Amino acid sequence: MEATKQLTPFLSVIGQIQPKDMTSVAAAGFLTVINNRPDQEGEDQPSSAEIAEAAQAAGLQYHYLPVIAGQISDQNVADFAQLLAQVKGPVLAFCRTGTRSSSLWALSEAHRLDSQRVLDTAKAAGYDLAGLLPRLQQRWSEQVCVPNATQTAQSNRYDVLVVGAGAAGCAVTASLLKRDASLRIGVIEPSEQHYYQPGWTMVGAGVFTRSQTERPMVQCIPKAAQWIRAAVTGFLPEQNTVVLEDGRQLAYRSLIVCPGLKLHWDAIKGLRETLGKNGVTSNYVLELAPYTWQLVQNLRKGRAIFTQPPMPIKCAGAPQKALYMSADWWQKEGVLSQIETEFCTAGGVLFGVADFVPPLMKYIEKYQVQLNFQQNLVEVDGEAGKAWFEVTDAEGNQQRIEKSFDFLHVVPPQRAPRFVRESVLANAEGWLEVDHDTLRHPRFGTVFSLGDVCSAPNAKTAAAVRKQAPVVAENVLAVLAGRGPRAMYDGYGACPLVVERGKTILAEFGYGGKLLPTFPLDPLVARRLAWILKARWMPTIYFDMLLKGREWLAKPTILDHEPHAANEPAACDFEADKHK
């Protein structure tokens with residue numbers, strides 16, 4: 001559970017909490033919990049009923065007061081104020097990020113507290129509610145001076161807005177500022193922590209510690225950019241505007257959308273209830289990676305199953321890396337022969353780039369792995385130690401089979417965040433639609449995307465961002481200058497396939513599976529050098545180079561002429577204020 005943020009001695013707020021957190025909430029001295037998030041708003045969200053049951057068991061009062069993101073009504077505010085007047089405190093209110101709950105408090109206090117005092121209190125807790133100033137003014141008996149209102153309006157306009165501060169968001173922001181330090185860039189990101197996700201497999205293998213893969217977000221977002229601690233709920237690209245959870249609308253000259261993707265745990269029946277216990281784990285969640293390592297060390301015999309869902313997923317090699325590193329440990333411990341190891345993939349091949357299949361198959365054979373194609377995990381009963389797979393044969397016929405397990409490493413299906421896949425910017429599959437070469441939206445010329453959320457058919461890896469960020473930076477600057485994009489992306493992606501402790505196959509490839517090795521070595525050979533790169537150098541390269549705009553071996557290809565721009569979508573016609 002993240003830290004609570006106190007607004008008053010009576011009221012604190014927090015982002016989404018889980019039923020298991022209720023005992024900690026009670027231990028912290030809270031007496032009442034208020035849920036301001038509607039059910040089924042997000043993929044990873046527990047229901048109000050589940051939280052209510054856990055709250056009651058912890059001796060807490062629980063109230064469900066759902067508020068639609070970006071649509072806080074006066075009635076919502078009145079209901080919140082009335083509820084606060086009735087319940088026992090201290091009170092903990094929550095929503096997805098805490099912004100809605102903070103906004104409800106701010107609006108409910110505006111009739112008696114000076115607007116600036118309300119905003120300062122929220123800001124001290126980590127919530128920028130400046131977009132509420134007009135509503136706060138209306139509820140305050142005295143008007144705030146006009147210059148402040150003007151300043152707020154100006155502060156909501158940016159040269160570039162970046163949605164998401166993961167690898168893609170931080171890297172492209174740094175690349176833009178490296179090229180033009182005068183740009184006014186806003187980075188919209190609700191999370192307080194930044195994660196080096198490629199390292200989680202190494203945590204699950206006992207090679208990395210958790211601390212090696214995380215840093216405070218404030219250390220990762222370039223200091224010259226403005227960090228907007230909020231969540232996006234929608235896009236208005238016809239008006240060059242982004243809508244935030246608290247109702248604010250931010251204007252841009254160019255928009256870069258890179259919020260990553262979402263893990264769809266609920267697509268597998270029973271999985272959420274058993275994750276982190278009963279031998280069920282996943283390296284796709286940092287909190288579970290240490291549990292993976294614990295399970296690997298403790299397993300001495302039985303059946304270990306590793307799964308891979310339908311594509312696309314982030315880091316398509318990660319499901320196999322969990323398999324190889326676990327089997328390597330069992331082999332070194334002398335227990336591999338006592339463990340029946342299976343790899344169940346929903347796909348029809350071991351790896352999407354055919355050149356790498358033969359060297360990987362040598363390790364499948366070395367570790368005596370039963371390789372099962374076209375088997376998609378659909379249900380888990382952790383307590384019973386059973387899993388069910390949907391199996392598709394060559395004719396397309398499907399049947400459901402049951403397997404028992406002692407160890408189950410799950411990779412869930414993955415998809416774009418809801419605010420992307422339900423927007424006008426999405427393609428038919430829900431990903432942020434882009435031209436595969438320029439990473440520019442085909443219908444909205446001021447919009448670009450990179451990272452896991454974009455529709456380009458490259459591997460969804462942090463290594464892809466290394467090549468994408470300079471391309472997007474060059475093309476955004478071209479569009480801001482009234483020109484067409486000229487930087488081209490070749491689909492580069494990389495997957496360091498750790499096949500044993502001390503050896504890695506460095507798979508680098510582009511569109512169509514074309515091999516794109518960085519070093520003049522045979523890329524199909526497992527090497528110690530590639531292991532050293534992955535295990536020793538990568539975190540430093542990630543945090544201190546990629547996120548800082550140091551474009552190591554990532555110079556983009558620039559066309560010597562601009563593409564035909566007869567039907568070029570127009571850029572935003574306002575000139576954003578450029579403030580350092």
# chains A, B, ... in the order shown; residues from 1 in each chain; ligands from 1
call {"tool": "residues_around", "arguments": {"residues": "A:Leu263", "least_positions_apart": "6", "cutoff": "7 Å", "atoms": "only C-alpha atoms", "output": "JSON, numbers by chain"}}
result
{"A": [412, 413, 414, 415]}
call {"tool": "write_last_selection", "arguments": {"atoms": "N, CA and C atoms", "output": "compact mmCIF listing (two decimals), in the first residue's frame"}}
result
# COMPACT_ATOMS: atom_id res chain seq x y z
N PRO A 412 -0.13 -12.82 -17.92
CA PRO A 412 -1.52 -12.54 -18.28
C PRO A 412 -1.64 -11.93 -19.67
N PRO A 413 -2.83 -12.00 -20.28
CA PRO A 413 -3.08 -11.26 -21.51
C PRO A 413 -2.89 -9.76 -21.25
N GLN A 414 -2.59 -9.01 -22.29
CA GLN A 414 -2.28 -7.59 -22.12
C GLN A 414 -2.98 -6.75 -23.19
N ARG A 415 -3.31 -5.53 -22.81
CA ARG A 415 -4.03 -4.64 -23.71
C ARG A 415 -3.75 -3.19 -23.35
call {"tool": "select_by_dssp", "arguments": {"residues": "stretch 17-266 of chain A", "states": "strand (DSSP E)", "output": "MDAnalysis selection string"}}
result
chainID A and resid 32:35 61:64 91:94 157:163 185:188 193:195 214:216 226:228 232:236 241:244 249:257 262:263
call {"tool": "closest_residue", "arguments": {"among": "A:Leu7, A:Ile68, A:Leu336, A:Met538", "to": "A:Gly199", "atoms": "only C-alpha atoms"}}
result
A:Met538
call {"tool": "residues_around", "arguments": {"residues": "A:Gly334", "least_positions_apart": "2", "cutoff": "12 Å", "atoms": "only C-alpha atoms", "output": "ChimeraX atom specification"}}
result
/A:297,299-301,327-332,336-339,367
call {"tool": "closest_residue", "arguments": {"among": "A:Tyr64, A:Phe407, A:Phe343, A:Phe509", "to": "A:Thr281", "atoms": "only C-alpha atoms"}}
result
A:Phe407
call {"tool": "atom_distance", "arguments": {"atom1": "atom CA of A:Val87", "atom2": "atom CA of A:Gln71"}}
result
24.5 Å
call {"tool": "select_by_dssp", "arguments": {"residues": "stretch 184-309 of chain A", "states": "alpha helix (DSSP H)", "output": "list in words"}}
result
Trp200, Thr201, Met202, Val203, Leu271, Arg272, Glu273, Thr274, Ala289, Pro290, Tyr291, Thr292, Trp293, Gln294, Leu295, Val296, Gln297 and Asn298 of chain A
call {"tool": "residues_around", "arguments": {"residues": "stretch 38-50 of chain A", "least_positions_apart": "3", "cutoff": "12 Å", "atoms": "only C-alpha atoms", "output": "ChimeraX atom specification"}}
result
/A:15-22,33-35,53-57,62-69,94-97,100,233,261-267,271-273,285,412-419
call {"tool": "write_last_selection", "arguments": {"atoms": "C-alpha atoms", "output": "tab-separated table (two decimals), in the first residue's frame"}}
result
chain	number	residue	atom	x	y	z
A	15	GLY	CA	-4.74	5.96	-4.63
A	16	GLN	CA	-6.41	2.60	-5.26
A	17	ILE	CA	-6.14	0.26	-2.29
A	18	GLN	CA	-6.75	-3.47	-2.15
A	19	PRO	CA	-8.88	-5.53	0.23
A	20	LYS	CA	-5.71	-6.92	1.83
A	21	ASP	CA	-4.70	-3.33	2.75
A	22	MET	CA	-7.62	-2.86	5.16
A	33	VAL	CA	-12.89	4.41	4.44
A	34	ILE	CA	-14.62	6.22	1.55
A	35	ASN	CA	-14.40	4.76	-1.95
A	53	GLU	CA	-16.10	-7.05	3.21
A	54	ALA	CA	-12.41	-6.57	4.02
A	55	ALA	CA	-13.08	-3.22	5.71
A	56	GLN	CA	-15.79	-4.73	7.89
A	57	ALA	CA	-13.47	-7.58	8.88
A	62	TYR	CA	-16.98	1.74	4.71
A	63	HIS	CA	-18.87	4.04	2.35
A	64	TYR	CA	-19.17	3.83	-1.43
A	65	LEU	CA	-19.51	7.25	-3.08
A	66	PRO	CA	-18.54	6.73	-6.73
A	67	VAL	CA	-17.59	9.73	-8.86
A	68	ILE	CA	-16.95	9.54	-12.62
A	69	ALA	CA	-13.45	10.74	-13.50
A	94	PHE	CA	-9.50	6.86	-2.19
A	95	CYS	CA	-9.98	6.68	-5.94
A	96	ARG	CA	-7.59	5.61	-8.71
A	97	THR	CA	-4.87	8.11	-7.76
A	100	ARG	CA	-10.85	12.77	-7.29
A	233	THR	CA	-9.34	10.12	-18.78
A	261	LEU	CA	-0.14	-1.24	-21.41
A	262	LYS	CA	-2.33	-2.98	-18.84
A	263	LEU	CA	-2.11	-6.53	-17.54
A	264	HIS	CA	-5.53	-8.16	-17.96
A	265	TRP	CA	-5.53	-10.52	-14.96
A	266	ASP	CA	-9.30	-10.95	-14.98
A	267	ALA	CA	-9.15	-12.60	-18.41
A	271	LEU	CA	-6.19	-15.99	-11.15
A	272	ARG	CA	-6.49	-12.76	-9.20
A	273	GLU	CA	-7.66	-14.64	-6.09
A	285	VAL	CA	4.47	-7.82	-11.05
A	412	PRO	CA	-1.52	-12.54	-18.28
A	413	PRO	CA	-3.08	-11.26	-21.51
A	414	GLN	CA	-2.28	-7.59	-22.12
A	415	ARG	CA	-4.03	-4.64	-23.71
A	416	ALA	CA	-3.97	-0.86	-23.95
A	417	PRO	CA	-5.31	1.23	-21.03
A	418	ARG	CA	-9.03	1.85	-21.23
A	419	PHE	CA	-8.69	5.61	-21.83
call {"tool": "closest_residue", "arguments": {"among": "A:Ala231, A:Ala318, A:Ile256, A:Val172", "to": "A:Tyr127", "atoms": "only C-alpha atoms"}}
result
A:Ala231
call {"tool": "decode", "arguments": {"residues": "stretch 465-485 of chain A", "atoms": "N, CA and C atoms", "output": "mmCIF file, in the first residue's frame"}}
result
data_model
loop_
_atom_site.group_PDB
_atom_site.id
_atom_site.type_symbol
_atom_site.label_atom_id
_atom_site.label_comp_id
_atom_site.auth_asym_id
_atom_site.auth_seq_id
_atom_site.Cartn_x
_atom_site.Cartn_y
_atom_site.Cartn_z
ATOM 1 N N VAL A 465 12.233 1.397 -27.301
ATOM 2 C CA VAL A 465 12.125 2.819 -26.945
ATOM 3 C C VAL A 465 13.425 3.553 -27.231
ATOM 4 N N ARG A 466 14.554 2.871 -27.055
ATOM 5 C CA ARG A 466 15.851 3.505 -27.311
ATOM 6 C C ARG A 466 15.940 4.051 -28.731
ATOM 7 N N LYS A 467 15.340 3.344 -29.697
ATOM 8 C CA LYS A 467 15.348 3.804 -31.083
ATOM 9 C C LYS A 467 14.128 4.665 -31.413
ATOM 10 N N GLN A 468 13.022 4.432 -30.724
ATOM 11 C CA GLN A 468 11.803 5.184 -31.023
ATOM 12 C C GLN A 468 11.871 6.629 -30.536
ATOM 13 N N ALA A 469 12.462 6.844 -29.353
ATOM 14 C CA ALA A 469 12.450 8.181 -28.751
ATOM 15 C C ALA A 469 13.089 9.243 -29.650
ATOM 16 N N PRO A 470 14.283 9.006 -30.219
ATOM 17 C CA PRO A 470 14.853 10.020 -31.105
ATOM 18 C C PRO A 470 14.013 10.255 -32.362
ATOM 19 N N VAL A 471 13.383 9.188 -32.875
ATOM 20 C CA VAL A 471 12.525 9.339 -34.057
ATOM 21 C C VAL A 471 11.343 10.253 -33.752
ATOM 22 N N VAL A 472 10.669 9.993 -32.637
ATOM 23 C CA VAL A 472 9.518 10.821 -32.273
ATOM 24 C C VAL A 472 9.962 12.254 -31.977
ATOM 25 N N ALA A 473 11.078 12.418 -31.282
ATOM 26 C CA ALA A 473 11.569 13.766 -30.971
ATOM 27 C C ALA A 473 11.832 14.562 -32.248
ATOM 28 N N GLU A 474 12.506 13.960 -33.201
ATOM 29 C CA GLU A 474 12.790 14.646 -34.472
ATOM 30 C C GLU A 474 11.492 15.014 -35.189
ATOM 31 N N ASN A 475 10.555 14.089 -35.214
ATOM 32 C CA ASN A 475 9.325 14.329 -35.967
ATOM 33 C C ASN A 475 8.397 15.314 -35.275
ATOM 34 N N VAL A 476 8.359 15.311 -33.944
ATOM 35 C CA VAL A 476 7.559 16.308 -33.229
ATOM 36 C C VAL A 476 8.091 17.706 -33.517
ATOM 37 N N LEU A 477 9.401 17.873 -33.458
ATOM 38 C CA LEU A 477 9.981 19.192 -33.728
ATOM 39 C C LEU A 477 9.706 19.631 -35.163
ATOM 40 N N ALA A 478 9.724 18.674 -36.087
ATOM 41 C CA ALA A 478 9.414 19.014 -37.479
ATOM 42 C C ALA A 478 7.979 19.512 -37.612
ATOM 43 N N VAL A 479 7.047 18.821 -36.956
ATOM 44 C CA VAL A 479 5.644 19.228 -37.021
ATOM 45 C C VAL A 479 5.436 20.582 -36.352
ATOM 46 N N LEU A 480 6.096 20.812 -35.221
ATOM 47 C CA LEU A 480 5.973 22.108 -34.548
ATOM 48 C C LEU A 480 6.505 23.234 -35.416
ATOM 49 N N ALA A 481 7.454 22.909 -36.282
ATOM 50 C CA ALA A 481 8.019 23.914 -37.188
ATOM 51 C C ALA A 481 7.243 24.024 -38.491
ATOM 52 N N GLY A 482 6.156 23.256 -38.599
ATOM 53 C CA GLY A 482 5.327 23.336 -39.797
ATOM 54 C C GLY A 482 5.793 22.463 -40.939
ATOM 55 N N ARG A 483 6.682 21.517 -40.650
ATOM 56 C CA ARG A 483 7.171 20.613 -41.689
ATOM 57 C C ARG A 483 6.607 19.215 -41.482
ATOM 58 N N GLY A 484 6.848 18.344 -42.437
ATOM 59 C CA GLY A 484 6.435 16.959 -42.306
ATOM 60 C C GLY A 484 7.501 16.147 -41.595
ATOM 61 N N PRO A 485 7.141 15.008 -41.005
ATOM 62 C CA PRO A 485 8.134 14.167 -40.311
ATOM 63 C C PRO A 485 9.094 13.518 -41.295
#
